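Next comes coords_39.tsv, with TSV, C-alpha atoms and all ligand atoms.
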chain	number	residue	atom	x	y	z
A	1	MET	CA	0.00	0.00	0.00
A	2	ASN	CA	1.19	3.49	-0.87
A	3	GLN	CA	1.84	5.61	2.24
A	4	TYR	CA	2.04	8.84	0.23
A	5	ARG	CA	-0.91	11.20	-0.03
A	6	GLN	CA	-1.47	14.06	-2.48
A	7	GLU	CA	-2.66	16.23	0.44
A	8	ASP	CA	0.93	16.18	1.81
A	9	SER	CA	2.31	17.68	-1.39
A	10	LYS	CA	3.71	21.23	-1.53
A	11	VAL	CA	3.55	21.43	-5.34
A	12	GLU	CA	0.59	23.83	-5.37
A	13	VAL	CA	2.60	26.87	-4.32
A	14	THR	CA	0.43	29.68	-2.87
A	15	GLY	CA	0.54	32.84	-0.75
A	16	PHE	CA	3.81	34.55	0.20
A	17	GLU	CA	5.93	31.74	-1.28
A	18	ALA	CA	4.15	32.08	-4.63
A	19	ARG	CA	4.20	35.89	-4.70
A	20	TYR	CA	7.96	35.99	-4.11
A	21	TYR	CA	8.83	32.65	-5.71
A	22	ASP	CA	11.62	33.84	-8.01
A	23	THR	CA	13.23	36.02	-5.33
A	24	LEU	CA	13.03	33.23	-2.75
A	25	MET	CA	14.64	30.75	-5.17
A	26	ASN	CA	17.47	33.22	-5.75
A	27	ILE	CA	17.97	33.77	-2.01
A	28	VAL	CA	17.77	30.17	-0.76
A	29	THR	CA	20.26	29.07	-3.42
A	30	LEU	CA	22.59	31.97	-2.49
A	31	GLY	CA	22.30	33.49	-5.96
A	32	TRP	CA	22.99	30.27	-7.85
A	33	TYR	CA	19.52	29.68	-9.29
A	34	PRO	CA	19.35	32.23	-12.17
A	35	LYS	CA	22.55	30.91	-13.75
A	36	PHE	CA	21.46	27.30	-13.22
A	37	ILE	CA	17.99	27.69	-14.76
A	38	ARG	CA	19.41	29.54	-17.77
A	39	ARG	CA	21.91	26.69	-18.29
A	40	ALA	CA	19.29	23.94	-17.83
A	41	ILE	CA	16.87	25.57	-20.27
A	42	ALA	CA	19.67	25.97	-22.82
A	43	ASP	CA	20.33	22.23	-22.39
A	44	ILE	CA	16.81	21.38	-23.63
A	45	GLY	CA	18.27	22.25	-27.03
A	46	LEU	CA	15.30	24.30	-28.23
A	47	THR	CA	15.61	25.67	-31.74
A	48	PRO	CA	13.85	28.59	-33.48
A	49	GLY	CA	10.27	27.78	-34.46
A	50	GLU	CA	9.76	24.94	-31.97
A	51	SER	CA	6.57	24.66	-29.92
A	52	VAL	CA	6.70	24.01	-26.17
A	53	LEU	CA	4.02	22.91	-23.72
A	54	ASP	CA	5.12	23.84	-20.17
A	55	PHE	CA	3.50	21.86	-17.32
A	56	GLY	CA	3.14	23.85	-14.06
A	57	ALA	CA	4.80	26.88	-15.61
A	58	GLY	CA	5.23	29.08	-12.51
A	59	THR	CA	6.02	32.79	-12.70
A	60	GLY	CA	6.99	33.11	-16.36
A	61	ARG	CA	10.74	33.18	-15.74
A	62	ASN	CA	11.19	29.88	-17.58
A	63	ALA	CA	8.90	30.90	-20.45
A	64	LEU	CA	10.97	34.03	-21.09
A	65	LEU	CA	14.17	31.97	-21.12
A	66	MET	CA	12.66	29.43	-23.53
A	67	ARG	CA	11.47	32.24	-25.75
A	68	GLU	CA	15.09	33.30	-26.25
A	69	HIS	CA	15.59	29.94	-28.00
A	70	VAL	CA	12.32	29.38	-29.92
A	71	GLY	CA	12.18	33.02	-31.08
A	72	GLU	CA	9.26	34.84	-32.70
A	73	SER	CA	8.31	31.89	-34.85
A	74	GLY	CA	8.10	29.45	-31.94
A	75	LYS	CA	5.26	29.04	-29.48
A	76	ILE	CA	5.00	28.41	-25.73
A	77	THR	CA	1.79	27.16	-24.11
A	78	ALA	CA	2.02	27.33	-20.33
A	79	LEU	CA	-0.34	25.36	-18.09
A	80	GLU	CA	-0.66	26.74	-14.57
A	81	ILE	CA	-3.36	26.79	-11.86
A	82	GLY	CA	-1.90	28.95	-9.07
A	83	ASP	CA	-3.48	32.42	-8.86
A	84	GLU	CA	-0.31	34.22	-7.73
A	85	MET	CA	1.77	32.36	-10.31
A	86	LYS	CA	-0.70	33.15	-13.12
A	87	ALA	CA	-0.71	36.87	-12.23
A	88	GLN	CA	3.10	37.07	-12.40
A	89	PHE	CA	3.19	34.99	-15.55
A	90	GLU	CA	0.72	37.26	-17.35
A	91	LYS	CA	2.58	40.40	-16.31
A	92	LYS	CA	5.99	39.09	-17.36
A	93	THR	CA	4.92	37.63	-20.71
A	94	ALA	CA	2.36	40.27	-21.74
A	95	PRO	CA	4.55	41.71	-24.54
A	96	TYR	CA	4.90	38.33	-26.28
A	97	PRO	CA	1.93	37.03	-28.30
A	98	ASN	CA	3.59	33.67	-28.86
A	99	ILE	CA	3.44	32.85	-25.12
A	100	GLU	CA	0.02	31.67	-24.03
A	101	LEU	CA	-1.11	30.91	-20.46
A	102	VAL	CA	-3.83	28.31	-19.94
A	103	ASP	CA	-5.50	27.73	-16.57
A	104	ARG	CA	-5.56	23.95	-16.67
A	105	ARG	CA	-4.54	21.09	-14.37
A	106	ILE	CA	-1.82	18.84	-15.67
A	107	ASP	CA	-2.77	15.85	-13.50
A	108	GLU	CA	-6.04	15.27	-15.33
A	109	PRO	CA	-6.35	14.16	-18.99
A	110	LEU	CA	-5.40	17.00	-21.36
A	111	PRO	CA	-6.81	17.66	-24.85
A	112	TYR	CA	-3.47	18.07	-26.71
A	113	GLU	CA	-2.53	15.41	-29.29
A	114	ASN	CA	0.58	15.24	-31.54
A	115	GLU	CA	0.95	19.04	-31.33
A	116	TYR	CA	4.18	19.99	-29.57
A	117	ASP	CA	7.89	19.53	-30.25
A	118	VAL	CA	8.72	19.69	-26.54
A	119	VAL	CA	6.87	19.19	-23.27
A	120	PHE	CA	8.78	20.77	-20.38
A	121	ILE	CA	8.17	20.17	-16.67
A	122	SER	CA	10.41	21.86	-14.12
A	123	PHE	CA	10.31	20.94	-10.41
A	124	VAL	CA	6.72	19.77	-10.61
A	125	LEU	CA	6.63	16.01	-11.33
A	126	HIS	CA	8.09	14.99	-7.95
A	127	GLY	CA	5.18	16.65	-6.17
A	128	PHE	CA	2.53	14.15	-7.22
A	129	VAL	CA	1.56	10.67	-6.08
A	130	GLN	CA	2.63	8.04	-8.60
A	131	GLU	CA	-0.83	7.59	-10.09
A	132	ARG	CA	-0.95	11.31	-10.97
A	133	ARG	CA	2.65	11.26	-12.22
A	134	ASP	CA	1.52	8.54	-14.63
A	135	THR	CA	-1.37	10.73	-15.84
A	136	ILE	CA	1.06	13.64	-16.35
A	137	ILE	CA	3.47	11.44	-18.33
A	138	GLU	CA	0.56	10.14	-20.46
A	139	ASN	CA	-0.48	13.75	-21.11
A	140	ALA	CA	3.05	14.60	-22.22
A	141	TYR	CA	3.29	11.58	-24.50
A	142	ARG	CA	-0.04	12.33	-26.17
A	143	ALA	CA	0.72	16.06	-26.60
A	144	LEU	CA	4.06	15.43	-28.32
A	145	LYS	CA	4.50	15.07	-32.06
A	146	PRO	CA	6.19	11.79	-33.07
A	147	GLY	CA	9.90	12.34	-32.42
A	148	GLY	CA	9.12	15.06	-29.88
A	149	ARG	CA	10.88	15.21	-26.50
A	150	PHE	CA	9.73	15.35	-22.90
A	151	ALA	CA	12.20	17.41	-20.86
A	152	ILE	CA	12.00	16.86	-17.10
A	153	LEU	CA	14.02	19.15	-14.86
A	154	ASP	CA	13.83	17.75	-11.33
A	155	TYR	CA	15.65	15.70	-8.73
A	156	ALA	CA	17.84	12.94	-10.10
A	157	ASN	CA	17.62	9.37	-8.76
A	158	PHE	CA	20.08	8.95	-5.86
A	159	ASP	CA	20.43	7.41	-2.43
A	160	VAL	CA	19.11	10.05	-0.02
A	161	ASP	CA	20.77	8.34	2.97
A	162	SER	CA	24.19	8.83	1.37
A	163	ALA	CA	23.55	12.40	0.19
A	164	VAL	CA	25.49	15.38	1.57
A	165	TRP	CA	23.84	16.58	4.83
A	166	TYR	CA	22.20	19.74	3.47
A	167	VAL	CA	20.59	17.85	0.58
A	168	LYS	CA	19.36	15.14	2.95
A	169	TRP	CA	18.02	17.87	5.26
A	170	ALA	CA	16.26	19.72	2.41
A	171	ILE	CA	14.67	16.54	1.07
A	172	ARG	CA	13.52	15.26	4.46
A	173	ARG	CA	12.72	18.51	6.30
A	174	VAL	CA	11.83	21.12	3.67
A	175	GLU	CA	10.39	19.12	0.78
A	176	CYS	CA	7.21	17.07	0.91
A	177	PRO	CA	7.56	13.27	1.41
A	178	LEU	CA	6.69	12.77	-2.26
A	179	ALA	CA	10.08	14.18	-3.28
A	180	GLU	CA	11.92	11.26	-1.66
A	181	ASP	CA	9.47	8.81	-3.22
A	182	PHE	CA	10.23	10.36	-6.64
A	183	ILE	CA	14.01	10.22	-6.08
A	184	ASN	CA	13.76	6.53	-5.12
A	185	ARG	CA	11.93	5.50	-8.29
A	186	ASP	CA	13.76	4.98	-11.58
A	187	THR	CA	12.46	7.87	-13.69
A	188	LYS	CA	13.68	6.40	-16.97
A	189	GLU	CA	11.85	3.14	-16.23
A	190	MET	CA	8.74	5.15	-15.39
A	191	LEU	CA	8.94	6.92	-18.78
A	192	ALA	CA	9.77	3.74	-20.73
A	193	GLY	CA	6.58	2.21	-19.28
A	194	HIS	CA	4.62	4.92	-21.10
A	195	GLY	CA	6.34	4.40	-24.47
A	196	PHE	CA	9.22	6.89	-24.27
A	197	GLU	CA	12.63	5.83	-25.59
A	198	ARG	CA	16.14	7.26	-26.15
A	199	PHE	CA	17.10	9.09	-22.98
A	200	GLU	CA	19.54	11.98	-22.69
A	201	GLU	CA	20.53	13.53	-19.40
A	202	ARG	CA	22.48	16.44	-17.97
A	203	PHE	CA	23.29	16.72	-14.29
A	204	TYR	CA	23.67	19.81	-12.09
A	205	PHE	CA	24.42	20.60	-8.45
A	206	LYS	CA	26.69	17.67	-7.59
A	207	ASN	CA	24.45	15.37	-9.68
A	208	TYR	CA	21.45	15.81	-7.38
A	209	LEU	CA	19.47	17.63	-10.10
A	210	ARG	CA	18.93	16.41	-13.65
A	211	LEU	CA	17.47	17.45	-16.96
A	212	LEU	CA	16.17	14.19	-18.41
A	213	LYS	CA	15.03	14.19	-22.04
A	214	ALA	CA	12.97	11.28	-23.32
A	215	TYR	CA	11.76	10.91	-26.90
A	216	LYS	CA	8.40	9.82	-28.31
A	217	PRO	CA	9.13	7.31	-31.09
A	218	LEU	CA	8.85	8.53	-34.69
A	301	LIG	C1	7.67	24.27	-7.59
A	301	LIG	S1	6.72	25.24	-8.66
A	301	LIG	C2	7.69	25.20	-10.16
A	301	LIG	C3	7.31	26.29	-11.12
A	301	LIG	C4	8.11	26.32	-12.42
A	301	LIG	N1	7.91	25.12	-13.18
A	301	LIG	C5	9.56	26.57	-12.16
A	301	LIG	O1	10.40	25.70	-12.43
A	301	LIG	O2	9.89	27.68	-11.69
A	301	LIG	C6	5.36	24.17	-9.04
A	301	LIG	C7	4.32	24.83	-9.95
A	301	LIG	O3	3.36	23.87	-10.39
A	301	LIG	C8	2.07	24.45	-10.33
A	301	LIG	N2	1.10	23.35	-10.19
A	301	LIG	C9	0.95	22.54	-9.11
A	301	LIG	N3	0.01	21.61	-9.34
A	301	LIG	C10	-0.44	21.83	-10.59
A	301	LIG	C11	-1.42	21.20	-11.41
A	301	LIG	N4	-2.11	20.14	-10.97
A	301	LIG	N5	-1.64	21.68	-12.66
A	301	LIG	C12	-0.94	22.76	-13.13
A	301	LIG	N6	0.01	23.40	-12.39
A	301	LIG	C13	0.25	22.94	-11.15
A	301	LIG	C14	2.15	25.36	-9.11
A	301	LIG	O4	1.13	26.33	-9.08
A	301	LIG	C15	3.54	25.93	-9.27
A	301	LIG	O5	3.54	27.06	-10.10

Spell out the structure here as structure tokens.
Ligand SMILES: C[S@@+](CC[C@H](N)C(=O)[O-])C[C@H]1O[C@@H](n2cnc3c(N)ncnc32)[C@H](O)[C@@H]1O
Amino acid sequence: MNQYRQEDSKVEVTGFEARYYDTLMNIVTLGWYPKFIRRAIADIGLTPGESVLDFGAGTGRNALLMREHVGESGKITALEIGDEMKAQFEKKTAPYPNIELVDRRIDEPLPYENEYDVVFISFVLHGFVQERRDTIIENAYRALKPGGRFAILDYANFDVDSAVWYVKWAIRRVECPLAEDFINRDTKEMLAGHGFERFEERFYFKNYLRLLKAYKPL
């Protein structure tokens, strides 16, 4: 029996944390985050004209970075449900008609089919119980064009017991219990079970964080 409950998740960021999300990320990482997220988004390998579906898009910071790669001819569709996040997203991306915000849950079946070159999900997937993660992965698979890629930026798979103390502390004291459950499961196996193949990965922050790209077969 699964001891994890969706109610224990912290993935639906609200209130003060949501209103100051970008600033808080910059502060708690001692200024490291902006450089890291720019690097990780560059590592998706987006090219001009590509279309991106962003699951749990947040404040718009990531959308603006992705726009630098897909350009005017590309398109970004951002799915987000948090009120504070949506408000910041709309403000930040208002000048760009090729960035669209949609108020839609990602853990319920989505209507997109064979439409996007890339589905991106950044620090969101770990925050769901496995059944909902499976729904999210199904949604990504269906939304992608054949040959399209699912880019997951999140915790890597590692042994939390052997991790450096501050990572162990953050996972066990700051994060929700679902984060450790996610870390303990083989993410590639999870994706392969839904039909994804050909994995590419980049690691960051002493290999505790990973951008994992998985391809939908042609
Ligand atoms: C930890 S934040 C990450 C935000 C952004 N992806 C980033 O990397 O900065 C998680 C985000 O997922 C959104 N979220 C949580 N549950 C969601 C759901 N079921 N559907 C859509 N968005 C969701 C939250 O509102 C929040 O913006």

If the box runs along x, y and z of the file and leaves 5 Å on each side of ligand LIG 301 (chain A), what are its centre and edge lengths in Å, one decimal, as JSON?
{"center_x": 4.1, "center_y": 23.9, "center_z": -10.4, "size_x": 22.5, "size_y": 17.5, "size_z": 15.6}

Which polymer residues have any atom within 6 Å of an atom of segment 114-129 of chain A, counting all atoms listed in the file, with same-chain residues fewer than 3 positions away left out, as a VMD selection string? chain A and resid 6 9 11 50 to 55 132 to 133 143 to 145 148 to 154 178 to 179 182

Within 6 Å of ligand LIG 301 (chain A), which residues of chain A show up? Give each one with its shortest atom-to-atom distance in Å (one decimal) and the two atoms involved, counting only C-alpha atoms and all ligand atoms, rows by chain then rising residue number, as CSV.
residue,atom,partner,partner_atom,distance
A:Val11,CA,A:LIG301,C9,4.7
A:Glu12,CA,A:LIG301,C9,4.0
A:Val13,CA,A:LIG301,O4,5.0
A:Gly56,CA,A:LIG301,N6,3.6
A:Ala57,CA,A:LIG301,N1,4.3
A:Gly58,CA,A:LIG301,O5,3.6
A:Leu79,CA,A:LIG301,C12,5.6
A:Glu80,CA,A:LIG301,N6,4.0
A:Ile81,CA,A:LIG301,N6,4.8
A:Gly82,CA,A:LIG301,O4,4.0
A:Met85,CA,A:LIG301,O5,5.6
A:Arg104,CA,A:LIG301,C12,5.9
A:Arg105,CA,A:LIG301,N5,3.4
A:Ile106,CA,A:LIG301,N5,4.1
A:Asp107,CA,A:LIG301,N4,5.0
A:Ser122,CA,A:LIG301,O1,4.2
A:Phe123,CA,A:LIG301,C2,5.0
A:Val124,CA,A:LIG301,C6,4.9

Output C-alpha atoms for every residue in that selection, as a PDB file, in the frame of the given file.
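Result written to selection-v9.pdb:
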ATOM      1  CA  VAL A  11       3.550  21.430  -5.340  1.00  0.00           C
ATOM      2  CA  GLU A  12       0.590  23.830  -5.370  1.00  0.00           C
ATOM      3  CA  VAL A  13       2.600  26.870  -4.320  1.00  0.00           C
ATOM      4  CA  GLY A  56       3.140  23.850 -14.060  1.00  0.00           C
ATOM      5  CA  ALA A  57       4.800  26.880 -15.610  1.00  0.00           C
ATOM      6  CA  GLY A  58       5.230  29.080 -12.510  1.00  0.00           C
ATOM      7  CA  LEU A  79      -0.340  25.360 -18.090  1.00  0.00           C
ATOM      8  CA  GLU A  80      -0.660  26.740 -14.570  1.00  0.00           C
ATOM      9  CA  ILE A  81      -3.360  26.790 -11.860  1.00  0.00           C
ATOM     10  CA  GLY A  82      -1.900  28.950  -9.070  1.00  0.00           C
ATOM     11  CA  MET A  85       1.770  32.360 -10.310  1.00  0.00           C
ATOM     12  CA  ARG A 104      -5.560  23.950 -16.670  1.00  0.00           C
ATOM     13  CA  ARG A 105      -4.540  21.090 -14.370  1.00  0.00           C
ATOM     14  CA  ILE A 106      -1.820  18.840 -15.670  1.00  0.00           C
ATOM     15  CA  ASP A 107      -2.770  15.850 -13.500  1.00  0.00           C
ATOM     16  CA  SER A 122      10.410  21.860 -14.120  1.00  0.00           C
ATOM     17  CA  PHE A 123      10.310  20.940 -10.410  1.00  0.00           C
ATOM     18  CA  VAL A 124       6.720  19.770 -10.610  1.00  0.00           C
TER      19      VAL A 124
END

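If only C-alpha atoms are the atoms counted, then among A:Asp83, A:Asp103, A:Asp8, A:Glu113 the closest residue to Glu175 of chain A is A:Asp8.
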
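One finds atom CA of Arg67 of chain A at 11.6 Å from atom CA of Arg38 of chain A.
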
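Atom CA of Val70 of chain A is found 5.3 Å from atom CA of Thr47 of chain A.
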
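As for atom CA of Met66 of chain A and atom CA of Tyr96 of chain A, they are spaced 12.1 Å apart.
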
Each residue of segment 2-75 of chain A with at least one atom at most 8 Å from segment 204-216 of chain A should appear once, together with its nearest atom pair and the corresponding distance in Å (one decimal); atoms considered: all atoms listed in the file; ordering: chain, then increasing residue number; output as JSON lines.
{"residue": "A:Phe36", "atom": "CA", "partner": "A:Tyr204", "partner_atom": "CA", "distance": 7.9}
{"residue": "A:Ala40", "atom": "CA", "partner": "A:Leu211", "partner_atom": "CA", "distance": 6.8}
{"residue": "A:Asp43", "atom": "CA", "partner": "A:Leu211", "partner_atom": "CA", "distance": 7.8}
{"residue": "A:Ile44", "atom": "CA", "partner": "A:Lys213", "partner_atom": "CA", "distance": 7.6}

Selected residue of minimal separation from Thr187 of chain A among A:Ala156, A:Ala170, A:Ala163, A:Leu24, counting only C-alpha atoms: A:Ala156

Between A:Lys35, A:Lys188, A:Arg173, A:Arg61, which one has atoms that come closest to Thr93 of chain A, using only C-alpha atoms? A:Arg61

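Distances from A:Ala42, A:Val102, A:Ile137, A:Cys176 to Leu64 of chain A were compared using all atoms listed in the file, and the smallest one belongs to A:Ala42.
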
Here is a test: counting only C-alpha atoms, which residue of A:Gly31, A:Gly60, A:Pro177, A:Gly71 is nearest to Ala94 of chain A? A:Gly60

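For the residues A:Pro146, A:Pro34, A:Val164, A:Asn157, ranking by smallest atom-to-atom distance to Glu197 of chain A using only C-alpha atoms places A:Pro146 first.
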
Do you know which residues are at most 10 Å from Tyr33 of chain A counting all atoms listed in the file, after dropping those on the same chain fewer than 6 positions away, and could you put them as an mmCIF file with C-alpha atoms, in the frame of the given file?
data_model
loop_
_atom_site.group_PDB
_atom_site.id
_atom_site.type_symbol
_atom_site.label_atom_id
_atom_site.label_comp_id
_atom_site.auth_asym_id
_atom_site.auth_seq_id
_atom_site.Cartn_x
_atom_site.Cartn_y
_atom_site.Cartn_z
ATOM 1 C CA ASP A 22 11.620 33.840 -8.010
ATOM 2 C CA THR A 23 13.230 36.020 -5.330
ATOM 3 C CA LEU A 24 13.030 33.230 -2.750
ATOM 4 C CA MET A 25 14.640 30.750 -5.170
ATOM 5 C CA ASN A 26 17.470 33.220 -5.750
ATOM 6 C CA ILE A 27 17.970 33.770 -2.010
ATOM 7 C CA ARG A 39 21.910 26.690 -18.290
#
